[in-house]
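First the structure, in the form of C-alpha cells, and then the observations on it.
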Amino acid sequence: MSTNLRPAAVAGMFYPDSPVVLSREVTALLVDAPRHADHPPKAIIAPHAGYVYSGPIAASAFATLAGLRNTIRRVILLGPTHRVAVRGLALPTSDAFATPLGVVPIDKQAVDAVSDLPQVVFSDAAHAHEHSLEVEIPFLQVVLEDFSLLPLAVGDASPGEVAEVLERLWGGRETLIVISSDLSHYLPYHDAQHIDTRTAHQIVGFDPMINHYQACGATPINGLLLAARKRGLQARQLDLRNSGDTAGDRSRVVGYGAFGFFEPAAGEQRHVH
C-alpha cells in the first residue's frame, strides 16, 4: 500500500463506511438505474451529495459505463472545492486515494502531462476534506475493473483553463472524464425544477455560461462543454431530479443532474458548434 495516501474523509457521512454495505448499496443503485445509452460515454457529469439524496441520480451516469469495465484504465475526475479556496486546478501530492472499497493509484503520467500548466497547482489542503471527488470514487470502483485516477479540485479558474487541461488528458477509449457537480441549492421544489431544467438545456446545448448559482461545479462543467464541443461530442441528459424527489424536504432542495457525452456512432455526422 502507498505510504502517501489520501484517506477517505467522508465515509460514514456521505456514504457507508462498511465495505460490504457500501458495495451492496452502490451495486443496488446501479441495478436500479435507467439504461439510456446504447454506447458508452467519453465523459459524464454526476452529483456528489450524500448517497441517500443523490445516489440514484449519480448511478444513472455511472451505469452507462458498464460496457467499459475492462476498457477504461484512467479516470480524470474534476470537482469544485467547497472548503479550501485555491487558484486554478489543484492536484494532490498523494500517490493514491482510499475509500472503504480499496485504494486507487494516482496516475503519475497524467500528473506529469499537466503539471507544467500555470493553472495547475498542488494542494493537499484542497483535497484533504473535499467530498466532491471522493463520493464518486466508490461508483468507479464498483463499475470499473482496474484504473488509475487524476483528481483535480477546481477553484478559481476559467472554463478555458479547465478545457486546456482536459485537452491534454483527453486520450482514447482508455480515458474517462468525470465532472462532479450538484445543481441549484436550497430552493423550494418547483423553483429548483425550473432552474435545473434551464441548466440542463444549457448543458446539452453546449452553452458554457453556467454560473455557480446554477451549479457548484459550474467551472469544470463549462470547461468540459468547451472541450466536448470542440471534439464534436453529443450530449444527453440521463437524469434530472432533486433531493425532494429522493429523501428530502421539498421546501428546501438541492438539484442533481446526470449527463453523458458521447462520441458520434460510426456513420454519424460530427457536429462541431
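Letters A, B, ... go to the chains of the C-alpha cells in the order shown; residues in each chain start at 1; ligands are counted from 1 in the same order.
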*Looking only at the backbone, which of the residues in segment 84-214 of chain A does DSSP tag as strand (DSSP E), as a PyMOL selection string?*
chain A and resi 89-91+96-99+102-105+120-122+148-154+175-180+185-187
*Determine, counting only C-alpha atoms, which protein, DNA and RNA residues have an atom within 7 Å of an atom of segment 12-20 of chain A; residues of the same chain fewer than 2 positions away are not included. Present the result as a list in words.*
Val10, Leu22, Ser23, Arg24, Ala49, Gly50, Tyr51, Pro100 and Leu101 of chain A
*For segment 212-218 of chain A, work out the shell of residues within 12 Å, counting only C-alpha atoms and skipping chain neighbours fewer than 4 positions away, then give it as number ranges by chain.*
A: 45-49, 77-82, 132-133, 152-159, 162, 178-187, 191-203, 207-208, 222-225, 254-257
Considering only C-alpha atoms, return as a CSV table (one decimal) with C-alpha atoms, in the first residue's frame whatever protein or nucleic-acid residues lie within 9 Å of Gln119 of chain A, sequence-local ones (same chain, fewer than 3 positions apart) excluded.
```csv
chain,number,residue,atom,x,y,z
A,87,ARG,CA,-6.4,29.4,-7.6
A,88,GLY,CA,-6.6,27.1,-10.6
A,89,LEU,CA,-7.0,23.3,-10.6
A,90,ALA,CA,-5.4,21.6,-7.6
A,115,SER,CA,1.8,19.9,-14.0
A,116,ASP,CA,3.7,22.4,-16.2
A,157,ALA,CA,-10.2,29.1,-12.9
A,161,GLU,CA,-8.2,26.9,-18.3
A,162,VAL,CA,-10.2,23.8,-17.5
A,165,VAL,CA,-6.2,20.6,-19.0
```
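Among the candidates A:Ser251, A:Ser243, A:Thr71, A:Thr99, the one nearest to Ile57 of chain A when counting only C-alpha atoms is A:Ser243.
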*Tell me, which residues of segment 53-250 of chain A carry DSSP alpha helix (DSSP H), written as a ChimeraX atom specification?*
/A:53-62,108-114,124-128,131-134,137-143,159-169,189-204,218-230,243-246
Just want the 8 Å neighbourhood of segment 62-65 of chain A, counted on only C-alpha atoms, with same-chain residues fewer than 4 positions away dropped. Output as an mmCIF file with C-alpha atoms, in the first residue's frame.
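Saved result, out_17.cif, follows:
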```cif
data_model
loop_
_atom_site.group_PDB
_atom_site.id
_atom_site.type_symbol
_atom_site.label_atom_id
_atom_site.label_comp_id
_atom_site.auth_asym_id
_atom_site.auth_seq_id
_atom_site.Cartn_x
_atom_site.Cartn_y
_atom_site.Cartn_z
ATOM 1 C CA LEU A 30 -26.580 0.822 -10.383
ATOM 2 C CA VAL A 31 -29.003 -2.065 -10.899
ATOM 3 C CA ALA A 33 -30.608 2.981 -12.685
ATOM 4 C CA PRO A 34 -32.341 3.505 -16.042
ATOM 5 C CA ARG A 35 -30.462 2.462 -19.154
ATOM 6 C CA HIS A 36 -30.270 5.375 -21.593
ATOM 7 C CA ALA A 37 -27.083 4.769 -23.544
ATOM 8 C CA HIS A 39 -22.947 3.082 -26.452
ATOM 9 C CA PRO A 40 -20.808 4.236 -23.536
ATOM 10 C CA PRO A 41 -19.813 7.862 -22.977
ATOM 11 C CA ILE A 44 -20.146 12.104 -17.606
ATOM 12 C CA ALA A 46 -22.684 13.253 -11.820
ATOM 13 C CA ALA A 58 -25.271 9.553 -9.832
ATOM 14 C CA ARG A 69 -15.411 -2.209 -17.415
ATOM 15 C CA PHE A 139 -19.096 4.143 -8.005
ATOM 16 C CA LEU A 140 -15.986 3.930 -10.188
ATOM 17 C CA VAL A 143 -18.210 -0.234 -12.188
ATOM 18 C CA LEU A 144 -14.607 -0.469 -13.414
#
```
_Computed interatomic separation between atom CA of Pro151 of chain A and atom CA of Ile76 of chain A (Å)_ =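 Going from atom CA of Pro151 of chain A over to atom CA of Ile76 of chain A, I get 6.3 Å.
For the set A:Val135, A:Leu29, A:Val103, A:Leu226, the residue with the smallest atom-to-atom gap to Ser148 of chain A is A:Val103, counting only C-alpha atoms.
Residues in contact with Ala110 of chain A at up to 9 Å, not including ones fewer than 3 positions away on its chain and judged by only C-alpha atoms, are Arg74, Ile76, Ile106, Asp107, Ala113, Val114, Ser115, Leu149, Leu150, Arg168 and Leu169 of chain A.
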